[in-house]
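Colleague: Contents of query-v1.cif (mmCIF, N, CA and C atoms):
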data_structure
loop_
_atom_site.label_atom_id
_atom_site.label_comp_id
_atom_site.auth_asym_id
_atom_site.auth_seq_id
_atom_site.Cartn_x
_atom_site.Cartn_y
_atom_site.Cartn_z
N MET A 983 24.18 75.00 59.49
CA MET A 983 24.86 75.68 60.56
C MET A 983 26.14 76.31 60.01
N ILE A 984 26.42 77.53 60.41
CA ILE A 984 27.64 78.21 60.01
C ILE A 984 28.78 77.67 60.86
N TYR A 985 29.89 77.34 60.22
CA TYR A 985 31.04 76.78 60.93
C TYR A 985 31.45 77.68 62.09
N GLY A 986 31.60 77.10 63.25
CA GLY A 986 32.06 77.84 64.41
C GLY A 986 30.95 78.49 65.21
N MET A 987 29.73 78.52 64.69
CA MET A 987 28.64 79.21 65.38
C MET A 987 27.99 78.36 66.45
N GLU A 988 28.34 77.09 66.53
CA GLU A 988 27.73 76.25 67.56
C GLU A 988 28.10 76.72 68.97
N HIS A 989 29.13 77.55 69.09
CA HIS A 989 29.55 78.05 70.40
C HIS A 989 29.13 79.50 70.63
N ALA A 990 28.34 80.06 69.75
CA ALA A 990 27.93 81.45 69.88
C ALA A 990 27.21 81.65 71.20
N GLY A 991 27.57 82.72 71.89
CA GLY A 991 26.93 83.02 73.16
C GLY A 991 27.60 82.37 74.36
N VAL A 992 28.55 81.48 74.14
CA VAL A 992 29.26 80.83 75.23
C VAL A 992 30.68 81.42 75.29
N MET A 993 30.99 82.08 76.40
CA MET A 993 32.30 82.70 76.52
C MET A 993 33.35 81.67 76.92
N SER A 994 34.53 81.81 76.38
CA SER A 994 35.63 80.94 76.76
C SER A 994 36.17 81.38 78.12
N ARG A 995 36.96 80.54 78.73
CA ARG A 995 37.58 80.90 80.00
C ARG A 995 38.46 82.14 79.83
N TYR A 996 39.15 82.21 78.70
CA TYR A 996 39.99 83.38 78.44
C TYR A 996 39.15 84.64 78.37
N ALA A 997 38.05 84.60 77.63
CA ALA A 997 37.18 85.77 77.50
C ALA A 997 36.60 86.20 78.83
N GLU A 998 36.29 85.24 79.68
CA GLU A 998 35.75 85.56 81.00
C GLU A 998 36.81 86.18 81.90
N ALA A 999 38.05 85.78 81.75
CA ALA A 999 39.11 86.26 82.63
C ALA A 999 39.78 87.53 82.13
N ARG A 1000 39.69 87.80 80.84
CA ARG A 1000 40.38 88.95 80.26
C ARG A 1000 39.75 90.25 80.72
N LEU A 1001 40.59 91.24 81.01
CA LEU A 1001 40.10 92.56 81.35
C LEU A 1001 39.87 93.36 80.07
N TYR A 1002 38.74 94.02 79.97
CA TYR A 1002 38.42 94.83 78.81
C TYR A 1002 38.37 96.29 79.25
N VAL A 1003 38.94 97.16 78.43
CA VAL A 1003 38.94 98.59 78.74
C VAL A 1003 38.20 99.34 77.65
N VAL A 1004 37.54 100.41 78.05
CA VAL A 1004 36.80 101.24 77.10
C VAL A 1004 37.25 102.68 77.30
N PRO A 1005 37.83 103.28 76.27
CA PRO A 1005 38.29 104.67 76.39
C PRO A 1005 37.14 105.66 76.26
N GLU A 1006 37.37 106.85 76.76
CA GLU A 1006 36.37 107.91 76.62
C GLU A 1006 36.35 108.47 75.21
N SER A 1007 37.49 108.44 74.54
CA SER A 1007 37.57 108.94 73.17
C SER A 1007 38.68 108.20 72.44
N LEU A 1008 38.60 108.25 71.11
CA LEU A 1008 39.64 107.65 70.26
C LEU A 1008 40.11 108.73 69.29
N GLU A 1009 41.15 109.41 69.67
CA GLU A 1009 41.66 110.51 68.86
C GLU A 1009 43.15 110.35 68.59
N GLY A 1010 43.52 109.13 68.21
CA GLY A 1010 44.92 108.84 67.94
C GLY A 1010 45.39 109.43 66.63
N PRO A 1011 46.61 109.12 66.23
CA PRO A 1011 47.20 109.71 65.03
C PRO A 1011 46.51 109.24 63.75
N THR A 1012 46.52 110.11 62.77
CA THR A 1012 45.93 109.77 61.47
C THR A 1012 46.92 109.96 60.32
N GLU A 1013 48.09 110.48 60.61
CA GLU A 1013 49.11 110.65 59.58
C GLU A 1013 50.48 110.46 60.19
N GLY A 1014 51.46 110.32 59.30
CA GLY A 1014 52.81 110.07 59.78
C GLY A 1014 53.02 108.60 60.04
N SER A 1015 53.79 108.31 61.07
CA SER A 1015 54.07 106.93 61.41
C SER A 1015 53.93 106.74 62.92
N ALA A 1016 53.84 105.48 63.33
CA ALA A 1016 53.70 105.16 64.75
C ALA A 1016 54.49 103.90 65.05
N ARG A 1017 55.07 103.88 66.21
CA ARG A 1017 55.77 102.70 66.72
C ARG A 1017 55.07 102.31 68.02
N LEU A 1018 54.58 101.09 68.06
CA LEU A 1018 53.84 100.62 69.22
C LEU A 1018 54.78 100.21 70.34
N PRO A 1019 54.36 100.39 71.60
CA PRO A 1019 55.20 99.95 72.71
C PRO A 1019 55.29 98.43 72.78
N ARG A 1020 56.30 97.94 73.44
CA ARG A 1020 56.57 96.50 73.50
C ARG A 1020 55.43 95.70 74.12
N HIS A 1021 54.66 96.29 75.03
CA HIS A 1021 53.58 95.53 75.66
C HIS A 1021 52.39 95.34 74.72
N ILE A 1022 52.40 96.03 73.58
CA ILE A 1022 51.35 95.84 72.57
C ILE A 1022 51.90 95.06 71.38
N ASP A 1023 53.08 95.39 70.94
CA ASP A 1023 53.68 94.77 69.76
C ASP A 1023 55.07 94.27 70.12
N TRP A 1024 55.15 93.01 70.53
CA TRP A 1024 56.41 92.47 71.04
C TRP A 1024 57.26 91.81 69.98
N GLY A 1025 56.88 91.90 68.73
CA GLY A 1025 57.70 91.36 67.65
C GLY A 1025 58.87 92.27 67.38
N PRO A 1026 59.54 92.05 66.27
CA PRO A 1026 60.65 92.96 65.91
C PRO A 1026 60.12 94.39 65.83
N ALA A 1027 60.92 95.34 66.27
CA ALA A 1027 60.52 96.75 66.24
C ALA A 1027 60.08 97.12 64.83
N TYR A 1028 58.92 97.71 64.73
CA TYR A 1028 58.37 98.04 63.43
C TYR A 1028 57.66 99.38 63.51
N GLU A 1029 57.89 100.20 62.54
CA GLU A 1029 57.23 101.51 62.46
C GLU A 1029 56.11 101.41 61.43
N TYR A 1030 54.90 101.69 61.87
CA TYR A 1030 53.72 101.59 61.01
C TYR A 1030 53.50 102.92 60.30
N GLU A 1031 53.42 102.86 58.98
CA GLU A 1031 53.15 104.04 58.17
C GLU A 1031 51.64 104.20 58.07
N LEU A 1032 51.11 105.26 58.65
CA LEU A 1032 49.66 105.41 58.76
C LEU A 1032 48.97 105.75 57.45
N THR A 1033 49.73 106.13 56.43
CA THR A 1033 49.13 106.36 55.12
C THR A 1033 49.06 105.08 54.28
N ASP A 1034 49.71 104.02 54.76
CA ASP A 1034 49.67 102.73 54.08
C ASP A 1034 48.49 101.93 54.65
N PRO A 1035 47.48 101.61 53.83
CA PRO A 1035 46.28 100.94 54.34
C PRO A 1035 46.57 99.62 55.07
N THR A 1036 47.53 98.85 54.59
CA THR A 1036 47.85 97.58 55.24
C THR A 1036 48.51 97.81 56.59
N ASP A 1037 49.50 98.69 56.63
CA ASP A 1037 50.14 99.02 57.90
C ASP A 1037 49.13 99.53 58.91
N LEU A 1038 48.26 100.41 58.47
CA LEU A 1038 47.25 101.00 59.36
C LEU A 1038 46.33 99.92 59.92
N ALA A 1039 45.85 99.04 59.07
CA ALA A 1039 44.95 97.98 59.50
C ALA A 1039 45.63 97.03 60.48
N VAL A 1040 46.88 96.66 60.20
CA VAL A 1040 47.61 95.76 61.10
C VAL A 1040 47.85 96.43 62.44
N MET A 1041 48.24 97.69 62.43
CA MET A 1041 48.48 98.41 63.68
C MET A 1041 47.20 98.47 64.52
N CYS A 1042 46.09 98.83 63.89
CA CYS A 1042 44.82 98.91 64.62
C CYS A 1042 44.43 97.56 65.20
N GLU A 1043 44.60 96.51 64.43
CA GLU A 1043 44.28 95.17 64.91
C GLU A 1043 45.12 94.81 66.13
N ARG A 1044 46.40 95.10 66.07
CA ARG A 1044 47.29 94.77 67.21
C ARG A 1044 46.91 95.56 68.45
N VAL A 1045 46.61 96.83 68.27
CA VAL A 1045 46.21 97.65 69.43
C VAL A 1045 44.90 97.13 70.01
N LEU A 1046 43.92 96.86 69.17
CA LEU A 1046 42.63 96.36 69.67
C LEU A 1046 42.79 95.02 70.38
N ARG A 1047 43.63 94.17 69.86
CA ARG A 1047 43.81 92.84 70.44
C ARG A 1047 44.64 92.85 71.72
N GLU A 1048 45.67 93.69 71.79
CA GLU A 1048 46.65 93.58 72.88
C GLU A 1048 46.59 94.68 73.93
N ALA A 1049 45.94 95.80 73.65
CA ALA A 1049 45.93 96.90 74.62
C ALA A 1049 45.22 96.48 75.90
N ARG A 1050 45.78 96.87 77.02
CA ARG A 1050 45.18 96.57 78.32
C ARG A 1050 44.87 97.85 79.09
N LEU A 1051 45.28 98.99 78.55
CA LEU A 1051 45.07 100.27 79.21
C LEU A 1051 44.25 101.19 78.31
N ARG A 1052 43.37 101.97 78.91
CA ARG A 1052 42.60 102.96 78.14
C ARG A 1052 43.52 103.89 77.36
N GLU A 1053 44.61 104.26 77.99
CA GLU A 1053 45.54 105.19 77.36
C GLU A 1053 46.10 104.62 76.06
N ASP A 1054 46.34 103.31 76.02
CA ASP A 1054 46.84 102.70 74.79
C ASP A 1054 45.84 102.88 73.66
N LEU A 1055 44.57 102.66 73.95
CA LEU A 1055 43.54 102.82 72.92
C LEU A 1055 43.43 104.28 72.49
N GLN A 1056 43.46 105.18 73.44
CA GLN A 1056 43.33 106.60 73.12
C GLN A 1056 44.51 107.14 72.33
N VAL A 1057 45.70 106.68 72.65
CA VAL A 1057 46.90 107.20 72.02
C VAL A 1057 47.10 106.67 70.60
N TYR A 1058 46.71 105.42 70.35
CA TYR A 1058 47.04 104.80 69.07
C TYR A 1058 45.87 104.60 68.12
N LEU A 1059 44.63 104.78 68.57
CA LEU A 1059 43.48 104.55 67.69
C LEU A 1059 42.69 105.83 67.45
N ASP A 1060 42.21 105.97 66.24
CA ASP A 1060 41.36 107.10 65.86
C ASP A 1060 39.98 106.54 65.50
N GLY A 1061 38.94 107.05 66.13
CA GLY A 1061 37.59 106.53 65.91
C GLY A 1061 37.13 106.62 64.47
N THR A 1062 37.37 107.73 63.82
CA THR A 1062 36.97 107.90 62.43
C THR A 1062 37.69 106.91 61.53
N THR A 1063 38.96 106.70 61.78
CA THR A 1063 39.75 105.75 61.00
C THR A 1063 39.22 104.33 61.20
N LEU A 1064 38.92 103.95 62.44
CA LEU A 1064 38.37 102.61 62.71
C LEU A 1064 37.05 102.39 61.98
N ARG A 1065 36.17 103.37 62.03
CA ARG A 1065 34.89 103.24 61.31
C ARG A 1065 35.11 103.06 59.82
N ARG A 1066 36.03 103.82 59.26
CA ARG A 1066 36.34 103.71 57.83
C ARG A 1066 36.88 102.32 57.50
N LEU A 1067 37.78 101.81 58.34
CA LEU A 1067 38.33 100.47 58.11
C LEU A 1067 37.26 99.39 58.22
N TRP A 1068 36.41 99.47 59.23
CA TRP A 1068 35.38 98.46 59.43
C TRP A 1068 34.34 98.49 58.33
N VAL A 1069 33.88 99.66 57.94
CA VAL A 1069 32.87 99.75 56.88
C VAL A 1069 33.47 99.30 55.55
N GLY A 1070 34.71 99.61 55.33
CA GLY A 1070 35.35 99.23 54.07
C GLY A 1070 35.71 97.76 53.98
N SER A 1071 35.75 97.05 55.12
CA SER A 1071 36.21 95.67 55.07
C SER A 1071 35.16 94.63 55.42
N CYS A 1072 33.97 95.06 55.75
CA CYS A 1072 32.95 94.08 56.10
C CYS A 1072 31.57 94.58 55.71
N CYS A 1073 30.59 93.99 56.26
CA CYS A 1073 29.22 94.27 55.84
C CYS A 1073 28.49 95.24 56.76
N LEU A 1074 29.18 96.07 57.53
CA LEU A 1074 28.50 97.04 58.37
C LEU A 1074 27.83 98.09 57.51
N PRO A 1075 26.64 98.56 57.91
CA PRO A 1075 25.99 99.61 57.13
C PRO A 1075 26.79 100.90 57.21
N GLY A 1076 26.87 101.61 56.11
CA GLY A 1076 27.63 102.85 56.06
C GLY A 1076 26.83 103.97 56.52
#
Represent the structure of the file as structure tokens.

Modeller:
Amino acid sequence: MIYGMEHAGVMSRYAEARLYVVPESLEGPTEGSARLPRHIDWGPAYEYELTDPTDLAVMCERVLREARLREDLQVYLDGTTLRRLWVGSCCLPG
């Protein structure tokens, strides 16, 4: 058995209660820098440099994890960039 898989298919109370949003498109920034709003990134104010692979990955992760509005996903995420990050970091088929 793979560690943690004994609960596969069973949603937690948090997952059942959490609201999920799906944007119509993901055409966020791909260059320059971005500063996330406090409702997404409540730590010390930080400007993410989108040309830095680590900054970009951390920013995308925070937006995916914390966004509650479609607009947040649309404004800060780029679909092509997400696909590139996912294919480059895991076993998804290219």

Colleague: Name the residues in contact with range 1032-1044 of chain A at a cut-off of 6 Å, using only N, CA and C atoms, excluding same-chain residues fewer than 4 positions from it; report them as a list in words.

Modeller: Thr1012, Glu1013, Gly1014, Ser1015, Ala1016, Ile1022, Glu1048 and Ala1049 of chain A

Colleague: For the selection just defined, write its residues with N, CA and C atoms to a file, as a PDB file, in the coordinates of the input.

Modeller:
ATOM      1  N   THR A1012      46.520 110.110  62.770  1.00  0.00           N
ATOM      2  CA  THR A1012      45.930 109.770  61.470  1.00  0.00           C
ATOM      3  C   THR A1012      46.920 109.960  60.320  1.00  0.00           C
ATOM      4  N   GLU A1013      48.090 110.480  60.610  1.00  0.00           N
ATOM      5  CA  GLU A1013      49.110 110.650  59.580  1.00  0.00           C
ATOM      6  C   GLU A1013      50.480 110.460  60.190  1.00  0.00           C
ATOM      7  N   GLY A1014      51.460 110.320  59.300  1.00  0.00           N
ATOM      8  CA  GLY A1014      52.810 110.070  59.780  1.00  0.00           C
ATOM      9  C   GLY A1014      53.020 108.600  60.040  1.00  0.00           C
ATOM     10  N   SER A1015      53.790 108.310  61.070  1.00  0.00           N
ATOM     11  CA  SER A1015      54.070 106.930  61.410  1.00  0.00           C
ATOM     12  C   SER A1015      53.930 106.740  62.920  1.00  0.00           C
ATOM     13  N   ALA A1016      53.840 105.480  63.330  1.00  0.00           N
ATOM     14  CA  ALA A1016      53.700 105.160  64.750  1.00  0.00           C
ATOM     15  C   ALA A1016      54.490 103.900  65.050  1.00  0.00           C
ATOM     16  N   ILE A1022      52.400  96.030  73.580  1.00  0.00           N
ATOM     17  CA  ILE A1022      51.350  95.840  72.570  1.00  0.00           C
ATOM     18  C   ILE A1022      51.900  95.060  71.380  1.00  0.00           C
ATOM     19  N   GLU A1048      45.670  93.690  71.790  1.00  0.00           N
ATOM     20  CA  GLU A1048      46.650  93.580  72.880  1.00  0.00           C
ATOM     21  C   GLU A1048      46.590  94.680  73.930  1.00  0.00           C
ATOM     22  N   ALA A1049      45.940  95.800  73.650  1.00  0.00           N
ATOM     23  CA  ALA A1049      45.930  96.900  74.620  1.00  0.00           C
ATOM     24  C   ALA A1049      45.220  96.480  75.900  1.00  0.00           C
TER      25      ALA A1049
END

Colleague: Could you tell me which of A:Tyr1030, A:Pro1011, A:Leu1046, A:Trp1024 comes closest to Asp1060 in chain A if we count all atoms listed in the file?

Modeller: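 That would be A:Pro1011, the residue with the smallest distance to Asp1060 in chain A.
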
Colleague: Compare A:Glu1031, A:Asp1023, A:Glu998, A:Glu1006 by their minimum atom-to-atom distance to Gln1056 in chain A, counting only C-alpha atoms, and give me the closest one.

Modeller: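 Among A:Glu1031, A:Asp1023, A:Glu998, A:Glu1006, it is A:Glu1006 that comes nearest to Gln1056 in chain A.
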
Colleague: What is the distance between atom N of Leu1008 in chain A and CA of Tyr1028 in chain A, in Å to one decimal?

Modeller: 23.5 Å

Colleague: Rounded to one decimal, what separation in Å do you get between CA of Leu1059 in chain A and CA of Arg995 in chain A?

Modeller: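 These atoms are spaced 27.3 Å apart.
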
Colleague: If you measure from CA of Pro1026 in chain A to CA of Leu1067 in chain A, what distance in Å do you get, rounded to one decimal?

Modeller: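 Between these atoms lies a distance of 24.8 Å.
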
Colleague: Report as a list in words: the residues of chain A with a DSSP assignment of strand (DSSP E or B), based on the backbone of this structure.

Modeller: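 Selecting the strand (DSSP E or B) positions of chain A gives Glu1009, Ser1015, Ala1016, Arg1017, Glu1029, Tyr1030, Glu1031 and Asp1060 of chain A.
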
Colleague: Please enclose the listed atoms of range 1015-1024 of chain A in an axis-aligned box, pad each side by 4 Å, and write out the centre and the three edge lengths in Å, rounded to one decimal, as JSON.

Modeller:
{"center_x": 54.3, "center_y": 100.1, "center_z": 68.4, "size_x": 13.9, "size_y": 24.5, "size_z": 22.6}

Colleague: Ranking A:Glu1029, A:Arg1052, A:Arg1017, A:Glu1009 by minimum distance to Leu1064 in chain A and counting only C-alpha atoms, which one comes first?

Modeller: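 That would be A:Glu1009, the residue with the smallest distance to Leu1064 in chain A.
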
Colleague: Using all atoms listed in the file, find the one residue out of A:Arg1047, A:Tyr996, A:Gly1070, A:Tyr1058 that sits nearest to Leu1018 in chain A.

Modeller: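 The closest residue to Leu1018 in chain A is A:Tyr1058.
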
Colleague: Return as a ChimeraX atom specification the full set of residues in chain A whose backbone-based DSSP assignment is alpha helix (DSSP H).

Modeller: /A:995-999,1035-1048,1052-1058,1061-1071

Colleague: Pick the closest to Gly1061 in chain A from A:Gly1025, A:Gly1010, A:Arg1020, A:Val1045: which is it, counting all atoms listed in the file?

Modeller: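 Smallest separation from Gly1061 in chain A among the options: A:Gly1010.
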